[in-house]
Structures are given as structure tokens and as C-alpha cells.
Amino acid sequence: MVLVPQVLDVAGDVPVLAAGGIADGRGLAAALAMGAQGVQVGTRLLATREMRIHDDWKARIVAADALEAVKMVNAERVLPPYSRPGVRAEPRSLETDLVRRLREEPEGVDAEAELAGLLAAVREGGGHEQIRSPGSPSGSSATCALPARSSPGW
Ligand SMILES: Cc1cc2nc3c(=O)[nH]c(=O)nc-3n(C[C@H](O)[C@H](O)[C@H](O)COP(=O)(O)O)c2cc1C
């Protein structure tokens with residue numbers, strides 16, 4: 001949210017969508033008040049009935065507090081590039097064993113085996129044991145897994 005005014009200052013006539021940590025009507029209102037044309041919501045929509053991710057993953061998002069969304073250091077060892085070349089960006093995840101090992105002992109992570117395991121888990125409807133997005137701490141604002149259209153405060 002702190003970056004939104006800076007982006008707006010250089011955007012000129014280009015419409016700006018604010019993203020990151022927006023999970024309810026208050027975030028939307030704040031972004032519009034700053035001058036953004038709209039918002040992009042990610043994590044909050046994971047914890048909705050319509051989202052076809054594992055119920056355990058939704059429950060973890062709802063239960064998490066803001067400090068549990070950690071930066072996923074060395075994510076590029078097991079994930080495709082997260083951003084454009086030359087733009088440094090670290091995704092966030094709730095802590096998992098893989099997230100911890102990537103941070104604390106990256107050389108010990110067998111990237112090929114981890115990626116194969118991750119893809120297999122995702123195909124089975126899981127994957128959240130390895131990498132558990134939220135993209136940001138906004139998941140902590142998700143108080144229950146509601147239908148997307150009835151998110152509190154929209
Ligand atoms: C499951 C998931 C996957 C995402 N993947 C990417 C990605 O590959 N590259 C990227 O730049 N942002 C990615 N994002 C970030 C979203 O595009 C969006 O900017 C972000 O989720 C907004 O913040 P919020 O999650 O707090 O609403 C992802 C977000 C989620 C929840």
C-alpha cells in the first residue's frame with residue numbers, strides 16, 4: 001500500500017490497480033482514496049468456497065496471523081520465475097518445511113525432486129504442504145471461507 005502513491009505519481013494517464021494486502025472493503029476504499037482505479041485481490045480469494053484448493057489450505061489461511069506470511073527466500077530454486085527478468089521479487093508463503101529448508105539450507109534442496117513432488121501434489125489437489133501462498137499477509141484478514149461475493153465489507 002505504501003507504494004501506491006509512488007506508482008500513481010509516475011503512472012500519469014495509465015490506470016493503476018493496487019495490489020497486496022487488500023482483503024476487504026477497507027482496503028479497496030483506501031486504494032481508491034489514494035487515486036488507484038481499482039484493486040487486484042489474490043490471497044483473500046483463495047479462502048473462498050469457489051476456489052478449488054484443498055480445504056486444509058483455506059483453513060490455514062483463515063487461521064494465520066499477519067506475521068506468518070514469510071518471504072520465500074530462494075523460491076527460484078523450485079518455482080518458475082515469479083517476475084520479469086531484472087525485477088527482483090520474492091513470493092510469500094506460510095511457513096512449510098520446504099520454505100524453511102529453502103531459507104536455511106538451500107544447497108540441500110534437490111530442486112528437481114521437489115518440483116516433481118510439488119507438481120504431483122498439485123495434480124492430486126494438494127501442494128499446500130510444500131508451498132502455501134498467501135501472496136501477502138492479507139490472508140489474515142480472511143475470517144472465514146465465505147463465497148467470494150459475500151466477502152466481508154465488499
Ligand atoms: C496463489 C498465488 C499465486 C501467485 N503467483 C504470482 C506470480 O507467479 N507472479 C506474481 O508476480 N504474482 C503472483 N501472485 C501475486 C498476485 O498476482 C497478487 O499481486 C497478490 O496476490 C496481491 O496480494 P494479496 O494476495 O495480498 O491480495 C500470486 C498470488 C497468489 C495468491
# chains A, B, ... in the order shown; residues from 1 in each chain; ligands from 1
call {"tool": "closest_atom_pairs", "arguments": {"of": "chain A", "to": "ligand 1", "cutoff": "10 Å", "atoms": "only C-alpha atoms and all ligand atoms", "output": "tab-separated table"}}
result
residue	atom	partner	partner_atom_place_in_ligand_line	distance
A:Leu17	CA	ligand 1	19 (O)	9.6
A:Ala18	CA	ligand 1	22 (C)	8.3
A:Ala19	CA	ligand 1	22 (C)	4.6
A:Gly20	CA	ligand 1	23 (O)	3.2
A:Gly21	CA	ligand 1	26 (O)	3.5
A:Ile22	CA	ligand 1	27 (O)	5.1
A:Ala23	CA	ligand 1	27 (O)	6.2
A:Asp24	CA	ligand 1	27 (O)	9.7
A:Gly27	CA	ligand 1	27 (O)	9.9
A:Val39	CA	ligand 1	22 (C)	8.7
A:Gln40	CA	ligand 1	22 (C)	6.0
A:Val41	CA	ligand 1	27 (O)	3.8
A:Gly42	CA	ligand 1	21 (O)	3.5
A:Thr43	CA	ligand 1	25 (O)	3.6
A:Arg44	CA	ligand 1	27 (O)	5.9
A:Leu45	CA	ligand 1	31 (C)	7.7
A:Leu46	CA	ligand 1	31 (C)	6.5
A:Ala47	CA	ligand 1	31 (C)	9.8
A:Ile53	CA	ligand 1	1 (C)	9.7
A:Leu79	CA	ligand 1	8 (O)	8.8
A:Pro80	CA	ligand 1	8 (O)	7.8
A:Pro81	CA	ligand 1	8 (O)	7.3
A:Tyr82	CA	ligand 1	9 (N)	4.4
A:Ser83	CA	ligand 1	11 (O)	5.1
A:Arg84	CA	ligand 1	11 (O)	8.2
A:Val87	CA	ligand 1	11 (O)	9.8
A:Ala89	CA	ligand 1	11 (O)	7.5
A:Glu90	CA	ligand 1	11 (O)	8.8
A:Pro91	CA	ligand 1	13 (C)	7.0
A:Arg92	CA	ligand 1	29 (C)	8.5
A:Ser93	CA	ligand 1	31 (C)	9.1
A:Ile131	CA	ligand 1	1 (C)	9.4
A:Arg132	CA	ligand 1	1 (C)	8.1
A:Ser133	CA	ligand 1	1 (C)	5.4
A:Pro134	CA	ligand 1	31 (C)	5.1
A:Gly135	CA	ligand 1	25 (O)	4.0
A:Ser136	CA	ligand 1	26 (O)	4.3
A:Pro137	CA	ligand 1	26 (O)	6.2
A:Ser138	CA	ligand 1	26 (O)	4.5
A:Gly139	CA	ligand 1	26 (O)	6.8
A:Ser140	CA	ligand 1	26 (O)	9.5
A:Ser141	CA	ligand 1	26 (O)	9.6
call {"tool": "residues_around", "arguments": {"residues": "Glu114 (chain A)", "least_positions_apart": "4", "cutoff": "10 Å", "atoms": "only C-alpha atoms", "output": "VMD selection string"}}
result
chain A and resid 77 to 79 98 109 to 110 118 to 120 130
call {"tool": "write_last_selection", "arguments": {"atoms": "C-alpha atoms", "output": "short mmCIF file (atom, residue, chain, number, x, y, z; two decimals), in the first residue's frame"}}
result
data_model
loop_
_atom_site.label_atom_id
_atom_site.label_comp_id
_atom_site.auth_asym_id
_atom_site.auth_seq_id
_atom_site.Cartn_x
_atom_site.Cartn_y
_atom_site.Cartn_z
CA ARG A 77 15.26 -22.93 -6.97
CA VAL A 78 11.94 -24.78 -7.22
CA LEU A 79 9.48 -22.38 -8.88
CA LEU A 98 10.19 -26.67 2.14
CA VAL A 109 17.22 -28.81 -1.54
CA ASP A 110 17.01 -31.15 -4.52
CA LEU A 118 5.13 -30.37 -5.93
CA LEU A 119 3.60 -30.88 -9.39
CA ALA A 120 2.37 -34.36 -8.44
CA GLN A 130 5.09 -27.69 0.21
#
call {"tool": "residues_around", "arguments": {"residues": "Val4 (chain A)", "least_positions_apart": "2", "cutoff": "9 Å", "atoms": "only C-alpha atoms", "output": "PyMOL selection string"}}
result
chain A and resi 1-2+6-9+16-19+31+34-36
call {"tool": "closest_residue", "arguments": {"among": "A:Ala116, A:Pro15, A:Met72, A:Asp56", "to": "Gly38 (chain A)", "atoms": "only C-alpha atoms"}}
result
A:Pro15
call {"tool": "select_by_dssp", "arguments": {"residues": "region 23-117 of chain A", "states": "strand (DSSP E)", "output": "JSON, numbers by chain"}}
result
{"A": [38, 39, 40, 69, 70, 71, 92, 93, 94]}
call {"tool": "write_last_selection", "arguments": {"atoms": "C-alpha atoms", "output": "PDB file, in the first residue's frame"}}
result
ATOM      1  CA  GLY A  38      -9.093  -0.460  -8.861  1.00  0.00           C
ATOM      2  CA  VAL A  39      -7.521  -3.312  -6.944  1.00  0.00           C
ATOM      3  CA  GLN A  40      -6.265  -6.806  -7.581  1.00  0.00           C
ATOM      4  CA  ALA A  69       3.326 -14.894   5.795  1.00  0.00           C
ATOM      5  CA  VAL A  70       7.079 -15.120   5.309  1.00  0.00           C
ATOM      6  CA  LYS A  71       9.167 -14.184   2.288  1.00  0.00           C
ATOM      7  CA  ARG A  92       5.339 -15.088   0.265  1.00  0.00           C
ATOM      8  CA  SER A  93       4.109 -18.288   1.795  1.00  0.00           C
ATOM      9  CA  LEU A  94       3.015 -19.513   5.150  1.00  0.00           C
TER      10      LEU A  94
END
call {"tool": "atom_distance", "arguments": {"atom1": "CA of Ala75 (chain A)", "atom2": "CA of Val10 (chain A)"}}
result
29.8 Å
call {"tool": "closest_residue", "arguments": {"among": "A:Asn74, A:Val62, A:Gln37, A:Asp13", "to": "Glu107 (chain A)", "atoms": "only C-alpha atoms"}}
result
A:Asn74
call {"tool": "select_by_dssp", "arguments": {"residues": "region 5-79 of chain A", "states": "helix (DSSP H, G or I)", "output": "number ranges by chain"}}
result
A: 5-11, 25-34, 43-46, 55-63, 66-68, 75-77
call {"tool": "write_last_selection", "arguments": {"atoms": "N, CA and C atoms", "output": "compact mmCIF listing (two decimals), in the first residue's frame"}}
result
# COMPACT_ATOMS: atom_id res chain seq x y z
N PRO A 5 0.94 5.40 -3.86
CA PRO A 5 1.09 6.80 -4.26
C PRO A 5 2.31 7.02 -5.16
N GLN A 6 3.39 6.29 -4.90
CA GLN A 6 4.59 6.46 -5.73
C GLN A 6 4.35 5.99 -7.15
N VAL A 7 3.62 4.88 -7.29
CA VAL A 7 3.31 4.37 -8.63
C VAL A 7 2.37 5.35 -9.34
N LEU A 8 1.38 5.85 -8.60
CA LEU A 8 0.43 6.80 -9.20
C LEU A 8 1.15 8.05 -9.70
N ASP A 9 2.16 8.47 -8.96
CA ASP A 9 2.88 9.68 -9.35
C ASP A 9 3.58 9.54 -10.70
N VAL A 10 4.03 8.34 -11.01
CA VAL A 10 4.73 8.16 -12.29
C VAL A 10 3.82 7.61 -13.39
N ALA A 11 2.61 7.16 -13.01
CA ALA A 11 1.75 6.46 -13.99
C ALA A 11 1.09 7.40 -14.97
N GLY A 25 -13.39 -4.41 2.06
CA GLY A 25 -13.80 -3.10 1.55
C GLY A 25 -12.94 -1.96 2.04
N ARG A 26 -12.35 -2.13 3.21
CA ARG A 26 -11.50 -1.04 3.72
C ARG A 26 -10.27 -0.85 2.84
N GLY A 27 -9.68 -1.97 2.42
CA GLY A 27 -8.51 -1.89 1.56
C GLY A 27 -8.87 -1.29 0.21
N LEU A 28 -10.02 -1.71 -0.31
CA LEU A 28 -10.50 -1.17 -1.59
C LEU A 28 -10.70 0.34 -1.47
N ALA A 29 -11.38 0.75 -0.40
CA ALA A 29 -11.65 2.19 -0.20
C ALA A 29 -10.35 2.97 -0.09
N ALA A 30 -9.38 2.41 0.64
CA ALA A 30 -8.10 3.11 0.82
C ALA A 30 -7.40 3.28 -0.52
N ALA A 31 -7.41 2.22 -1.34
CA ALA A 31 -6.73 2.29 -2.64
C ALA A 31 -7.41 3.33 -3.54
N LEU A 32 -8.75 3.32 -3.55
CA LEU A 32 -9.47 4.30 -4.38
C LEU A 32 -9.22 5.72 -3.87
N ALA A 33 -9.16 5.87 -2.53
CA ALA A 33 -8.91 7.20 -1.96
C ALA A 33 -7.54 7.72 -2.36
N MET A 34 -6.59 6.81 -2.52
CA MET A 34 -5.24 7.21 -2.94
C MET A 34 -5.19 7.61 -4.41
N THR A 43 -4.78 -13.37 -2.30
CA THR A 43 -4.86 -14.32 -1.19
C THR A 43 -6.29 -14.47 -0.66
N ARG A 44 -7.00 -13.36 -0.50
CA ARG A 44 -8.34 -13.43 0.07
C ARG A 44 -9.25 -14.35 -0.74
N LEU A 45 -9.03 -14.36 -2.04
CA LEU A 45 -9.91 -15.17 -2.89
C LEU A 45 -9.53 -16.65 -2.84
N LEU A 46 -8.34 -16.95 -2.32
CA LEU A 46 -8.02 -18.38 -2.12
C LEU A 46 -8.96 -18.98 -1.08
N ASP A 55 -9.21 -27.86 1.24
CA ASP A 55 -9.83 -27.19 2.39
C ASP A 55 -8.83 -26.90 3.50
N ASP A 56 -7.82 -27.77 3.64
CA ASP A 56 -6.79 -27.52 4.68
C ASP A 56 -6.04 -26.23 4.41
N TRP A 57 -5.80 -25.98 3.15
CA TRP A 57 -5.08 -24.75 2.75
C TRP A 57 -5.93 -23.52 3.12
N LYS A 58 -7.22 -23.58 2.78
CA LYS A 58 -8.11 -22.46 3.13
C LYS A 58 -8.13 -22.26 4.64
N ALA A 59 -8.21 -23.37 5.38
CA ALA A 59 -8.28 -23.27 6.84
C ALA A 59 -7.02 -22.63 7.39
N ARG A 60 -5.86 -22.97 6.80
CA ARG A 60 -4.60 -22.38 7.26
C ARG A 60 -4.55 -20.88 6.99
N ILE A 61 -5.07 -20.48 5.82
CA ILE A 61 -5.09 -19.04 5.50
C ILE A 61 -5.95 -18.30 6.51
N VAL A 62 -7.12 -18.87 6.78
CA VAL A 62 -8.05 -18.21 7.71
C VAL A 62 -7.46 -18.14 9.12
N ALA A 63 -6.74 -19.20 9.51
CA ALA A 63 -6.21 -19.27 10.88
C ALA A 63 -4.94 -18.43 11.06
N ALA A 66 -0.92 -12.21 10.61
CA ALA A 66 -0.18 -11.48 9.57
C ALA A 66 1.31 -11.84 9.55
N LEU A 67 1.90 -12.12 10.70
CA LEU A 67 3.34 -12.36 10.74
C LEU A 67 3.73 -13.72 10.19
N GLU A 68 2.75 -14.58 9.94
CA GLU A 68 3.07 -15.93 9.46
C GLU A 68 3.34 -15.98 7.95
N ALA A 75 13.12 -19.00 -3.70
CA ALA A 75 11.98 -19.66 -4.35
C ALA A 75 12.32 -20.11 -5.76
N GLU A 76 13.22 -19.35 -6.41
CA GLU A 76 13.54 -19.64 -7.81
C GLU A 76 14.21 -21.01 -7.97
N ARG A 77 14.66 -21.59 -6.87
CA ARG A 77 15.26 -22.93 -6.97
C ARG A 77 14.22 -24.00 -7.32
call {"tool": "atom_distance", "arguments": {"atom1": "CA of Gly108 (chain A)", "atom2": "CA of Glu95 (chain A)"}}
result
17.7 Å
call {"tool": "closest_residue", "arguments": {"among": "A:Gly117, A:Val14, A:Glu50, A:Val73", "to": "Arg100 (chain A)", "atoms": "only C-alpha atoms"}}
result
A:Val73
call {"tool": "atom_distance", "arguments": {"atom1": "CA of Val99 (chain A)", "atom2": "CA of Glu124 (chain A)"}}
result
20.4 Å
